[in-house]
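Enquirer: upload.pdb is the file, holding PDB, C-alpha atoms:
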ATOM      1  CA  MET A   1       0.000   0.000   0.000
ATOM      2  CA  GLU A   2       2.918   2.363   0.606
ATOM      3  CA  VAL A   3       3.757   2.425  -3.113
ATOM      4  CA  PHE A   4       0.610   4.475  -3.824
ATOM      5  CA  SER A   5       0.983   8.219  -4.099
ATOM      6  CA  ASN A   6      -1.090  10.682  -2.074
ATOM      7  CA  ILE A   7      -3.380  11.368  -5.064
ATOM      8  CA  GLN A   8      -3.944   7.656  -5.603
ATOM      9  CA  LEU A   9      -4.840   7.187  -1.950
ATOM     10  CA  ILE A  10      -7.358  10.034  -2.187
ATOM     11  CA  ILE A  11      -8.950   8.440  -5.258
ATOM     12  CA  MET A  12      -9.181   5.121  -3.423
ATOM     13  CA  THR A  13     -10.774   6.921  -0.484
ATOM     14  CA  ILE A  14     -13.476   8.374  -2.729
ATOM     15  CA  LEU A  15     -14.155   4.961  -4.276
ATOM     16  CA  MET A  16     -14.434   3.330  -0.853
ATOM     17  CA  PHE A  17     -16.772   6.081   0.336
ATOM     18  CA  VAL A  18     -19.211   5.886  -2.588
ATOM     19  CA  GLY A  19     -18.911   2.089  -2.795
ATOM     20  CA  GLY A  20     -19.849   1.431   0.814
ATOM     21  CA  GLU A  21     -23.011  -0.537   1.515
ATOM     22  CA  VAL A  22     -24.596   2.238   3.585
ATOM     23  CA  PHE A  23     -23.955   4.887   0.914
ATOM     24  CA  ILE A  24     -25.320   2.682  -1.880
ATOM     25  CA  SER A  25     -28.404   1.817   0.177
ATOM     26  CA  MET A  26     -29.026   5.545   0.570
ATOM     27  CA  PHE A  27     -29.269   5.900  -3.219
ATOM     28  CA  GLY A  28     -31.847   3.115  -3.340
ATOM     29  CA  LEU A  29     -33.838   4.871  -0.633
ATOM     30  CA  HIS A  30     -33.589   8.172  -2.538
ATOM     31  CA  ALA A  31     -34.887   6.510  -5.720
ATOM     32  CA  ARG A  32     -37.803   5.041  -3.758
ATOM     33  CA  SER A  33     -38.586   8.476  -2.355
ATOM     34  CA  LYS A  34     -38.705   9.928  -5.866
ATOM     35  CA  PHE A  35     -41.010   7.084  -6.916
ATOM     36  CA  TYR A  36     -43.427   8.027  -4.130
ATOM     37  CA  SER A  37     -43.339  11.627  -5.344
ATOM     38  CA  LEU A  38     -44.053  10.703  -8.984
ATOM     39  CA  ASN A  39     -46.796   8.302  -7.931
ATOM     40  CA  GLN A  40     -48.473  11.017  -5.850
ATOM     41  CA  LEU A  41     -48.222  13.505  -8.716
ATOM     42  CA  PHE A  42     -49.718  10.957 -11.119
ATOM     43  CA  GLU A  43     -52.650  10.284  -8.802
ATOM     44  CA  ASN A  44     -53.326  13.995  -8.396
ATOM     45  CA  ARG A  45     -53.456  14.452 -12.162
ATOM     46  CA  ILE A  46     -55.860  11.549 -12.598
ATOM     47  CA  ASN A  47     -58.090  12.576  -9.676
ATOM     48  CA  PRO A  48     -57.732  16.334  -9.321
ATOM     49  CA  ASN A  49     -60.983  16.506  -7.323
ATOM     50  CA  LEU A  50     -59.326  14.624  -4.421
ATOM     51  CA  THR A  51     -57.465  17.685  -3.233
ATOM     52  CA  PRO A  52     -58.816  19.089   0.052
ATOM     53  CA  SER A  53     -59.942  22.433  -1.437
ATOM     54  CA  SER A  54     -61.800  20.935  -4.365
ATOM     55  CA  SER A  55     -63.326  18.246  -2.180
ATOM     56  CA  SER A  56     -64.623  20.784   0.322
ATOM     57  CA  SER A  57     -66.015  23.056  -2.401
ATOM     58  CA  SER A  58     -67.721  20.183  -4.192
ATOM     59  CA  ALA A  59     -69.117  18.939  -0.907
ATOM     60  CA  SER A  60     -70.526  22.382  -0.047
ATOM     61  CA  SER A  61     -72.071  22.860  -3.508
ATOM     62  CA  SER A  62     -73.563  19.366  -3.414
ATOM     63  CA  SER A  63     -74.955  20.048   0.030
ATOM     64  CA  SER A  64     -76.562  23.315  -1.060
ATOM     65  CA  GLU A  65     -78.144  21.682  -4.096
ATOM     66  CA  ASN A  66     -79.521  18.822  -1.999
ATOM     67  CA  SER A  67     -80.836  21.319   0.522
ATOM     68  CA  THR A  68     -82.645  23.320  -2.168
ATOM     69  CA  GLU A  69     -84.122  20.195  -3.722
ATOM     70  CA  PHE A  70     -85.200  18.905  -0.330
ATOM     71  CA  THR A  71     -86.926  22.227   0.499
ATOM     72  CA  ASP A  72     -88.847  22.171  -2.795
ATOM     73  CA  GLN A  73     -90.063  18.654  -2.122
ATOM     74  CA  ILE A  74     -91.198  19.622   1.376
ATOM     75  CA  GLU A  75     -93.244  22.486  -0.083
ATOM     76  CA  LEU A  76     -94.833  20.164  -2.646
ATOM     77  CA  GLY A  77     -95.603  17.608   0.048
ATOM     78  CA  ILE A  78     -94.099  14.698  -1.855
ATOM     79  CA  VAL A  79     -91.175  13.863   0.383
ATOM     80  CA  SER A  80     -91.239  10.447   2.041
ATOM     81  CA  ASN A  81     -89.972   9.248   5.415
ATOM     82  CA  SER A  82     -87.373   7.034   3.774
ATOM     83  CA  TYR A  83     -85.969  10.028   1.941
ATOM     84  CA  ILE A  84     -85.704  11.996   5.162
ATOM     85  CA  THR A  85     -83.867   9.217   6.960
ATOM     86  CA  ASN A  86     -81.622   8.100   4.114
ATOM     87  CA  GLU A  87     -80.771  11.334   2.336
ATOM     88  CA  GLU A  88     -77.530  12.427   3.952
ATOM     89  CA  PRO A  89     -74.458  14.096   2.473
ATOM     90  CA  ASN A  90     -72.321  11.403   0.907
ATOM     91  CA  ASN A  91     -69.025  12.535   2.372
ATOM     92  CA  GLY A  92     -67.708   9.140   3.535
ATOM     93  CA  LEU A  93     -65.944   8.325   0.287
ATOM     94  CA  GLU A  94     -64.452  11.810   0.052
ATOM     95  CA  ASN A  95     -63.162  11.625   3.632
ATOM     96  CA  GLU A  96     -61.657   8.226   2.896
ATOM     97  CA  HIS A  97     -59.860   9.572  -0.176
ATOM     98  CA  ARG A  98     -58.648  12.577   1.785
ATOM     99  CA  MET A  99     -57.249  10.400   4.592
ATOM    100  CA  SER A 100     -55.554   8.125   2.062
ATOM    101  CA  SER A 101     -53.991  11.142   0.374
ATOM    102  CA  ASN A 102     -52.710  12.456   3.716
ATOM    103  CA  ASP A 103     -51.176   9.055   4.522
ATOM    104  CA  ASP A 104     -49.449   8.959   1.140
ATOM    105  CA  ASN A 105     -48.071  12.457   1.674
ATOM    106  CA  LEU A 106     -46.781  11.518   5.117
ATOM    107  CA  LYS A 107     -45.169   8.359   3.721
ATOM    108  CA  TYR A 108     -43.470  10.350   0.957
ATOM    109  CA  ASN A 109     -42.251  13.014   3.382
ATOM    110  CA  SER A 110     -40.977  10.349   5.767
ATOM    111  CA  ALA A 111     -39.019   8.638   2.987
ATOM    112  CA  GLY A 112     -37.397  11.956   2.102
ATOM    113  CA  VAL A 113     -36.540  12.633   5.744
ATOM    114  CA  LEU A 114     -35.032   9.158   6.084
ATOM    115  CA  VAL A 115     -32.723   9.882   3.130
ATOM    116  CA  TYR A 116     -31.363  12.963   4.900
ATOM    117  CA  VAL A 117     -30.987  11.040   8.162
ATOM    118  CA  VAL A 118     -28.877   8.347   6.459
ATOM    119  CA  LEU A 119     -26.790  10.989   4.665
ATOM    120  CA  GLY A 120     -26.228  12.861   7.917
ATOM    121  CA  TYR A 121     -25.321   9.591   9.650
ATOM    122  CA  ILE A 122     -22.639   8.867   7.044
ATOM    123  CA  LEU A 123     -21.196  12.382   7.028
ATOM    124  CA  VAL A 124     -21.094  12.783  10.811
ATOM    125  CA  ILE A 125     -19.280   9.487  11.337
ATOM    126  CA  HIS A 126     -16.728  10.247   8.607
ATOM    127  CA  VAL A 127     -16.112  13.825   9.737
ATOM    128  CA  VAL A 128     -15.914  13.010  13.448
ATOM    129  CA  GLY A 129     -13.923   9.810  12.862
ATOM    130  CA  SER A 130     -11.402  11.466  10.553
ATOM    131  CA  SER A 131     -11.025  14.410  12.922
ATOM    132  CA  LEU A 132     -10.346  12.164  15.910
ATOM    133  CA  VAL A 133      -7.806  10.065  14.000
ATOM    134  CA  ALA A 134      -6.072  13.205  12.708
ATOM    135  CA  LEU A 135      -6.039  14.734  16.192
ATOM    136  CA  TYR A 136      -4.543  11.610  17.731
ATOM    137  CA  THR A 137      -1.870  11.106  15.079
ATOM    138  CA  SER A 138      -0.927  14.779  15.418
ATOM    139  CA  LEU A 139      -0.542  14.622  19.198
ATOM    140  CA  ALA A 140       0.842  11.098  19.690
ATOM    141  CA  PRO A 141       4.606  11.153  18.959
ATOM    142  CA  SER A 142       4.833   7.427  18.160
ATOM    143  CA  ALA A 143       1.972   7.474  15.627
ATOM    144  CA  LYS A 144       3.207  10.720  14.095
ATOM    145  CA  GLN A 145       6.689   9.261  13.690
ATOM    146  CA  ILE A 146       5.341   6.136  11.972
ATOM    147  CA  LEU A 147       3.470   8.218   9.400
ATOM    148  CA  LYS A 148       6.522  10.411   8.859
ATOM    149  CA  GLU A 149       8.782   7.408   8.241
ATOM    150  CA  LYS A 150       6.332   5.964   5.730
ATOM    151  CA  GLY A 151       5.800   9.275   3.951
ATOM    152  CA  LEU A 152       2.073   9.452   4.719
ATOM    153  CA  GLN A 153       0.213  12.696   5.322
ATOM    154  CA  ILE A 154      -1.882  12.859   8.479
ATOM    155  CA  PHE A 155      -4.979  14.105   6.632
ATOM    156  CA  THR A 156      -4.784  11.414   3.954
ATOM    157  CA  PHE A 157      -4.172   8.650   6.487
ATOM    158  CA  SER A 158      -7.063   9.805   8.675
ATOM    159  CA  VAL A 159      -9.656  10.098   5.911
ATOM    160  CA  PHE A 160      -8.486   6.934   4.133
ATOM    161  CA  THR A 161      -8.528   4.782   7.277
ATOM    162  CA  THR A 162     -11.912   6.124   8.416
ATOM    163  CA  ALA A 163     -13.544   5.524   5.016
ATOM    164  CA  SER A 164     -12.007   2.060   4.773
ATOM    165  CA  THR A 165     -13.088   1.078   8.287
ATOM    166  CA  PHE A 166     -16.646   2.375   7.934
ATOM    167  CA  SER A 167     -17.085   0.752   4.510
ATOM    168  CA  ASN A 168     -15.495  -2.491   5.807
ATOM    169  CA  CYS A 169     -12.851  -2.564   3.071
ATOM    170  CA  GLY A 170      -9.963  -3.469   5.387
ATOM    171  CA  PHE A 171      -7.396  -1.288   3.594
ATOM    172  CA  VAL A 172      -4.782   0.649   5.578
ATOM    173  CA  PRO A 173      -2.119   2.754   3.792
ATOM    174  CA  THR A 174       0.706   0.828   5.466
ATOM    175  CA  ASN A 175       2.284  -2.440   4.391
ATOM    176  CA  GLU A 176       1.830  -3.931   7.869
ATOM    177  CA  ASN A 177      -1.860  -2.992   8.095
ATOM    178  CA  MET A 178      -2.526  -1.892  11.715
ATOM    179  CA  MET A 179       0.268  -3.964  13.259
ATOM    180  CA  VAL A 180       2.541  -0.921  13.427
ATOM    181  CA  PHE A 181      -0.078   0.770  15.643
ATOM    182  CA  LYS A 182      -0.731  -2.103  18.054
ATOM    183  CA  LYS A 183       0.693  -0.074  20.956
ATOM    184  CA  ASN A 184      -1.483   2.929  20.098
ATOM    185  CA  ALA A 185      -4.487   1.790  22.101
ATOM    186  CA  LEU A 186      -6.389   5.068  21.801
ATOM    187  CA  LEU A 187      -6.168   4.966  17.998
ATOM    188  CA  LEU A 188      -7.572   1.439  18.004
ATOM    189  CA  LEU A 189     -10.407   2.553  20.303
ATOM    190  CA  ILE A 190     -11.260   5.326  17.837
ATOM    191  CA  LEU A 191     -11.294   3.025  14.813
ATOM    192  CA  PHE A 192     -13.054  -0.207  15.759
ATOM    193  CA  PRO A 193     -16.463   1.381  16.618
ATOM    194  CA  GLN A 194     -16.556   2.809  13.089
ATOM    195  CA  GLY A 195     -16.459  -0.706  11.672
ATOM    196  CA  LEU A 196     -19.475  -1.634  13.785
ATOM    197  CA  LEU A 197     -21.387   1.544  12.919
ATOM    198  CA  GLY A 198     -20.948   0.862   9.211
ATOM    199  CA  ASN A 199     -21.805  -2.822   9.341
ATOM    200  CA  THR A 200     -23.775  -5.033  11.722
ATOM    201  CA  LEU A 201     -24.755  -2.301  14.201
ATOM    202  CA  TYR A 202     -25.913   0.104  11.501
ATOM    203  CA  PRO A 203     -29.626  -0.863  11.647
ATOM    204  CA  SER A 204     -29.722  -0.574  15.445
ATOM    205  CA  CYS A 205     -27.821   2.720  15.452
ATOM    206  CA  LEU A 206     -29.990   4.118  12.664
ATOM    207  CA  ARG A 207     -33.158   3.417  14.630
ATOM    208  CA  PHE A 208     -31.588   4.950  17.740
ATOM    209  CA  VAL A 209     -30.669   8.110  15.808
ATOM    210  CA  ILE A 210     -34.232   8.418  14.473
ATOM    211  CA  TRP A 211     -35.595   7.938  18.003
ATOM    212  CA  VAL A 212     -33.323  10.701  19.322
ATOM    213  CA  LEU A 213     -34.361  13.044  16.497
ATOM    214  CA  LYS A 214     -38.015  12.333  17.252
ATOM    215  CA  LYS A 215     -37.502  13.259  20.912
ATOM    216  CA  ILE A 216     -35.695  16.464  19.962
ATOM    217  CA  THR A 217     -37.866  17.703  17.080
ATOM    218  CA  ASN A 218     -41.258  15.998  17.712
ATOM    219  CA  ARG A 219     -41.742  15.747  13.941
ATOM    220  CA  GLU A 220     -44.437  13.327  12.827
ATOM    221  CA  GLU A 221     -42.182  11.953  10.060
ATOM    222  CA  PHE A 222     -39.811  10.420  12.624
ATOM    223  CA  ASP A 223     -42.732   8.916  14.514
ATOM    224  CA  TYR A 224     -44.117   7.488  11.272
ATOM    225  CA  ILE A 225     -40.732   5.948  10.396
ATOM    226  CA  LEU A 226     -40.436   4.274  13.800
ATOM    227  CA  ARG A 227     -43.993   2.925  13.725
ATOM    228  CA  ASN A 228     -43.956   1.835  10.077
ATOM    229  CA  SER A 229     -40.467   0.453   9.442
ATOM    230  CA  LYS A 230     -41.798  -2.120   6.957
ATOM    231  CA  GLU A 231     -43.699   0.535   5.007
ATOM    232  CA  MET A 232     -40.429   2.399   4.329
ATOM    233  CA  ILE A 233     -39.120  -0.677   2.414
ATOM    234  CA  TYR A 234     -35.555  -0.027   3.623
ATOM    235  CA  ARG A 235     -33.952  -3.296   4.649
ATOM    236  CA  HIS A 236     -31.580  -1.620   7.092
ATOM    237  CA  LEU A 237     -34.496  -0.128   9.025
ATOM    238  CA  LEU A 238     -35.558  -2.858  11.437
ATOM    239  CA  SER A 239     -38.336  -2.969  13.974
ATOM    240  CA  LYS A 240     -37.666  -2.159  17.610
ATOM    241  CA  ALA A 241     -37.489  -5.794  18.681
ATOM    242  CA  TYR A 242     -35.195  -6.867  15.840
ATOM    243  CA  SER A 243     -32.900  -3.900  16.514
ATOM    244  CA  TYR A 244     -32.522  -4.999  20.133
ATOM    245  CA  PHE A 245     -31.916  -8.613  19.141
ATOM    246  CA  LEU A 246     -29.308  -7.580  16.565
ATOM    247  CA  ALA A 247     -27.371  -5.441  19.057
ATOM    248  CA  ILE A 248     -27.444  -8.204  21.683
ATOM    249  CA  THR A 249     -26.227 -10.752  19.119
ATOM    250  CA  VAL A 250     -23.363  -8.541  17.905
ATOM    251  CA  PHE A 251     -22.080  -7.774  21.402
ATOM    252  CA  GLY A 252     -22.565 -11.406  22.422
ATOM    253  CA  PHE A 253     -20.357 -12.637  19.579
ATOM    254  CA  ILE A 254     -17.729 -10.017  20.389
ATOM    255  CA  PHE A 255     -17.700 -11.025  24.058
ATOM    256  CA  VAL A 256     -17.327 -14.725  23.243
ATOM    257  CA  GLN A 257     -14.500 -14.037  20.799
ATOM    258  CA  LEU A 258     -12.726 -11.715  23.217
ATOM    259  CA  VAL A 259     -12.818 -14.227  26.069
ATOM    260  CA  LEU A 260     -11.515 -17.073  23.902
ATOM    261  CA  PHE A 261      -8.854 -14.928  22.244
ATOM    262  CA  CYS A 262      -7.522 -13.612  25.548
ATOM    263  CA  ALA A 263      -7.566 -17.105  27.075
ATOM    264  CA  LEU A 264      -5.437 -18.577  24.266
ATOM    265  CA  GLU A 265      -3.282 -15.641  23.129
ATOM    266  CA  TRP A 266      -2.715 -13.505  26.221
ATOM    267  CA  ASN A 267       0.880 -14.629  26.745
ATOM    268  CA  SER A 268       1.595 -15.731  23.186
ATOM    269  CA  GLU A 269       4.172 -14.396  20.772
ATOM    270  CA  ALA A 270       1.512 -12.270  19.039
ATOM    271  CA  THR A 271       0.928 -10.112  22.144
ATOM    272  CA  ASP A 272       4.547  -9.976  23.251
ATOM    273  CA  GLY A 273       5.747  -6.531  24.348
ATOM    274  CA  LEU A 274       2.307  -5.128  25.208
ATOM    275  CA  ASN A 275       1.100  -4.121  28.662
ATOM    276  CA  PHE A 276      -2.250  -5.180  30.121
ATOM    277  CA  PHE A 277      -4.297  -2.301  28.672
ATOM    278  CA  GLU A 278      -2.629  -2.538  25.254
ATOM    279  CA  LYS A 279      -3.253  -6.304  25.119
ATOM    280  CA  LEU A 280      -6.916  -5.856  26.021
ATOM    281  CA  VAL A 281      -7.573  -3.103  23.462
ATOM    282  CA  ALA A 282      -5.581  -4.849  20.719
ATOM    283  CA  SER A 283      -7.437  -8.108  21.371
ATOM    284  CA  LEU A 284     -10.787  -6.290  21.222
ATOM    285  CA  PHE A 285      -9.768  -4.594  17.983
ATOM    286  CA  GLN A 286      -8.718  -7.928  16.469
ATOM    287  CA  VAL A 287     -11.886  -9.855  17.350
ATOM    288  CA  VAL A 288     -14.165  -7.040  16.169
ATOM    289  CA  ASN A 289     -12.379  -6.754  12.850
ATOM    290  CA  SER A 290     -12.377 -10.506  12.270
ATOM    291  CA  ARG A 291     -16.125 -10.205  11.526
ATOM    292  CA  HIS A 292     -16.097  -6.781   9.925
ATOM    293  CA  THR A 293     -13.344  -4.728   8.291
ATOM    294  CA  GLY A 294     -10.620  -7.393   8.201
ATOM    295  CA  GLU A 295      -7.983  -5.021   9.585
ATOM    296  CA  SER A 296      -5.395  -6.811  11.676
ATOM    297  CA  VAL A 297      -3.304  -5.656  14.595
ATOM    298  CA  PHE A 298      -1.560  -9.026  15.083
ATOM    299  CA  ASP A 299       0.421 -11.239  12.757
ATOM    300  CA  ILE A 300      -2.162 -13.845  11.766
ATOM    301  CA  SER A 301       0.535 -16.357  10.829
ATOM    302  CA  ILE A 302       1.632 -16.801  14.462
ATOM    303  CA  ILE A 303      -1.854 -16.999  15.994
ATOM    304  CA  SER A 304      -2.897 -20.437  17.234
ATOM    305  CA  PRO A 305      -4.949 -22.641  14.876
ATOM    306  CA  ALA A 306      -7.846 -22.721  17.359
ATOM    307  CA  ILE A 307      -8.251 -18.948  17.120
ATOM    308  CA  LEU A 308      -8.042 -19.093  13.329
ATOM    309  CA  VAL A 309     -10.869 -21.635  13.334
ATOM    310  CA  LEU A 310     -12.834 -19.299  15.623
ATOM    311  CA  PHE A 311     -12.294 -16.427  13.199
ATOM    312  CA  VAL A 312     -13.466 -18.579  10.280
ATOM    313  CA  VAL A 313     -16.634 -19.578  12.150
ATOM    314  CA  MET A 314     -17.400 -15.983  13.128
ATOM    315  CA  MET A 315     -16.784 -14.718   9.601
TER     316      MET A 315
END
Would you encode the structure as structure tokens?
Expert:
Amino acid sequence: MEVFSNIQLIIMTILMFVGGEVFISMFGLHARSKFYSLNQLFENRINPNLTPSSSSSSASSSSSENSTEFTDQIELGIVSNSYITNEEPNNGLENEHRMSSNDDNLKYNSAGVLVYVVLGYILVIHVVGSSLVALYTSLAPSAKQILKEKGLQIFTFSVFTTASTFSNCGFVPTNENMMVFKKNALLLLILFPQGLLGNTLYPSCLRFVIWVLKKITNREEFDYILRNSKEMIYRHLLSKAYSYFLAITVFGFIFVQLVLFCALEWNSEATDGLNFFEKLVASLFQVVNSRHTGESVFDISIISPAILVLFVVMM
């Protein structure tokens, strides 16, 4: 990876960003939102009388005409009891159409809001993640020295690594992957959550973000999205129960892997030279990335076969 120039790394960063699963799913959601808009416009052109103003005016004119006709029949004495009991304004169908139109509008607006939520989710994670990585590599002498020796710019390394981790590409602009940073525990703590946020925990985190936005803004679109996740036809938007189950499953797998990895590799050659905290963070980084980005902080060739089998099963 170190043979690539700075421009080439930037191009790869852009490709990883736009090729990520979350970013591509956002385009599908945007296309679906536009379909709702065109479908609503088509229905309005076919049934222009279903708009609220036209419906109310037609209802009032129909009511006045019926009232005039009813008065004339009363004066002529030809009205019957059945007419009096059964002749009522036929507004049920119009109200039904109006409610259906309001539901369609809310569904379309909610789909558009969801697009902006996903876009904001992607941008915030990339901006915050890149900023934290850049801040750490600027302040940590050991990390800064590694980048200087390899001829890597801090900005390029930060953006490239963040985009790669979030998109689960597994690329790092160093020949040794993340092994040269295995003693930089804080850098590893910054990076591994990004792999979860862009992969298995994305549906749970997305629902949590929408819930927070609903509490802050009280907009009905957020409430509609949370109550009608299936209606949005966005496979990453799960119901409340499935979101909980997914999060529990992800953290359960991580815990099992971490316990087994530490039990078998704590005093092995792979973790040699690390203190307690560095071993714990590096082990956590390794087990998380075995199921997600594929970035490695240990030399896989010297890890015990039992752990390799565990990684294969988890992958």
Enquirer: Between A:Arg227, A:Lys279, A:His236, A:His292, which has the minimum distance to A:Lys107 (counting all atoms listed in the file)?
Expert: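 Selected residue with least distance to A:Lys107: A:Arg227.
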Enquirer: Excluding A:Val113 and any residue of its chain fewer than 3 positions from it, enumerate the residues within 10 Å of it, using all atoms listed in the file, and give them as an MDAnalysis selection string.
Expert: chainID A and resid 30 33 107:110 116:119 210 221:222 225
Enquirer: Let me know the residues the PyMOL selection byres ((chain A and resi 162-177) around 6) catches in the file above, as a list in words.
Expert: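 So the PyMOL selection byres ((chain A and resi 162-177) around 6), applied here, picks out Met1, Glu2, Phe17, Gly20, Ser130, Val159, Phe160, Thr161, Met178, Met179, Gln194, Gly195, Gly198, His292, Thr293, Gly294 and Glu295 of chain A.
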Enquirer: Would you write out those residues with C-alpha atoms, as a PDB file, in the coordinates of the input?
Expert:
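Contents of out12.pdb, freshly written:
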ATOM      1  CA  MET A   1       0.000   0.000   0.000  1.00  0.00           C
ATOM      2  CA  GLU A   2       2.918   2.363   0.606  1.00  0.00           C
ATOM      3  CA  PHE A  17     -16.772   6.081   0.336  1.00  0.00           C
ATOM      4  CA  GLY A  20     -19.849   1.431   0.814  1.00  0.00           C
ATOM      5  CA  SER A 130     -11.402  11.466  10.553  1.00  0.00           C
ATOM      6  CA  VAL A 159      -9.656  10.098   5.911  1.00  0.00           C
ATOM      7  CA  PHE A 160      -8.486   6.934   4.133  1.00  0.00           C
ATOM      8  CA  THR A 161      -8.528   4.782   7.277  1.00  0.00           C
ATOM      9  CA  MET A 178      -2.526  -1.892  11.715  1.00  0.00           C
ATOM     10  CA  MET A 179       0.268  -3.964  13.259  1.00  0.00           C
ATOM     11  CA  GLN A 194     -16.556   2.809  13.089  1.00  0.00           C
ATOM     12  CA  GLY A 195     -16.459  -0.706  11.672  1.00  0.00           C
ATOM     13  CA  GLY A 198     -20.948   0.862   9.211  1.00  0.00           C
ATOM     14  CA  HIS A 292     -16.097  -6.781   9.925  1.00  0.00           C
ATOM     15  CA  THR A 293     -13.344  -4.728   8.291  1.00  0.00           C
ATOM     16  CA  GLY A 294     -10.620  -7.393   8.201  1.00  0.00           C
ATOM     17  CA  GLU A 295      -7.983  -5.021   9.585  1.00  0.00           C
TER      18      GLU A 295
END
Enquirer: In Å to one decimal, how far is atom CA of A:Leu197 from atom CA of A:Ile307?
Expert: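 These atoms are spaced 24.7 Å apart.
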Enquirer: What does the distance from atom CA of A:Val309 to atom CA of A:Lys183 come to in Å, to one decimal?
Expert: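 Atom-to-atom, atom CA of A:Val309 to atom CA of A:Lys183, that is 25.6 Å.
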Enquirer: For A:Ser290, list every protein, DNA or RNA residue within 10 Å, evaluated using only C-alpha atoms, and leave out those in the same chain fewer than 2 positions away; present the list as number ranges by chain.
Expert: A: 254, 257, 285-288, 292-296, 308, 310-312, 314-315
Enquirer: Would you mind putting back N, CA and C atoms on stretch 209-226 of chain A, then writing it out as an mmCIF file, in the frame of the given file?
Expert:
data_model
loop_
_atom_site.group_PDB
_atom_site.id
_atom_site.type_symbol
_atom_site.label_atom_id
_atom_site.label_comp_id
_atom_site.auth_asym_id
_atom_site.auth_seq_id
_atom_site.Cartn_x
_atom_site.Cartn_y
_atom_site.Cartn_z
ATOM 1 N N VAL A 209 -30.803 6.721 16.263
ATOM 2 C CA VAL A 209 -30.669 8.110 15.808
ATOM 3 C C VAL A 209 -32.043 8.702 15.482
ATOM 4 N N ILE A 210 -32.888 7.933 14.808
ATOM 5 C CA ILE A 210 -34.232 8.418 14.473
ATOM 6 C C ILE A 210 -35.035 8.660 15.742
ATOM 7 N N TRP A 211 -34.891 7.766 16.739
ATOM 8 C CA TRP A 211 -35.595 7.938 18.003
ATOM 9 C C TRP A 211 -35.144 9.212 18.711
ATOM 10 N N VAL A 212 -33.844 9.481 18.702
ATOM 11 C CA VAL A 212 -33.323 10.701 19.322
ATOM 12 C C VAL A 212 -33.856 11.935 18.594
ATOM 13 N N LEU A 213 -33.854 11.906 17.270
ATOM 14 C CA LEU A 213 -34.361 13.044 16.497
ATOM 15 C C LEU A 213 -35.846 13.265 16.753
ATOM 16 N N LYS A 214 -36.592 12.189 16.938
ATOM 17 C CA LYS A 214 -38.015 12.333 17.252
ATOM 18 C C LYS A 214 -38.198 13.031 18.596
ATOM 19 N N LYS A 215 -37.397 12.640 19.597
ATOM 20 C CA LYS A 215 -37.502 13.259 20.912
ATOM 21 C C LYS A 215 -37.124 14.739 20.878
ATOM 22 N N ILE A 216 -36.166 15.079 20.014
ATOM 23 C CA ILE A 216 -35.695 16.464 19.962
ATOM 24 C C ILE A 216 -36.640 17.356 19.163
ATOM 25 N N THR A 217 -37.095 16.864 18.007
ATOM 26 C CA THR A 217 -37.866 17.703 17.080
ATOM 27 C C THR A 217 -39.374 17.506 17.185
ATOM 28 N N ASN A 218 -39.823 16.322 17.653
ATOM 29 C CA ASN A 218 -41.258 15.998 17.712
ATOM 30 C C ASN A 218 -41.925 16.037 16.333
ATOM 31 N N ARG A 219 -41.160 15.780 15.285
ATOM 32 C CA ARG A 219 -41.742 15.747 13.941
ATOM 33 C C ARG A 219 -42.471 14.430 13.710
ATOM 34 N N GLU A 220 -43.623 14.521 13.041
ATOM 35 C CA GLU A 220 -44.437 13.327 12.827
ATOM 36 C C GLU A 220 -43.775 12.357 11.852
ATOM 37 N N GLU A 221 -42.864 12.851 10.987
ATOM 38 C CA GLU A 221 -42.182 11.953 10.060
ATOM 39 C C GLU A 221 -41.335 10.922 10.806
ATOM 40 N N PHE A 222 -40.635 11.353 11.852
ATOM 41 C CA PHE A 222 -39.811 10.420 12.624
ATOM 42 C C PHE A 222 -40.684 9.390 13.341
ATOM 43 N N ASP A 223 -41.812 9.840 13.863
ATOM 44 C CA ASP A 223 -42.732 8.916 14.514
ATOM 45 C C ASP A 223 -43.298 7.909 13.512
ATOM 46 N N TYR A 224 -43.601 8.380 12.315
ATOM 47 C CA TYR A 224 -44.117 7.488 11.272
ATOM 48 C C TYR A 224 -43.068 6.451 10.882
ATOM 49 N N ILE A 225 -41.808 6.873 10.768
ATOM 50 C CA ILE A 225 -40.732 5.948 10.396
ATOM 51 C C ILE A 225 -40.574 4.863 11.455
ATOM 52 N N LEU A 226 -40.607 5.242 12.721
ATOM 53 C CA LEU A 226 -40.436 4.274 13.800
ATOM 54 C C LEU A 226 -41.609 3.304 13.894
#
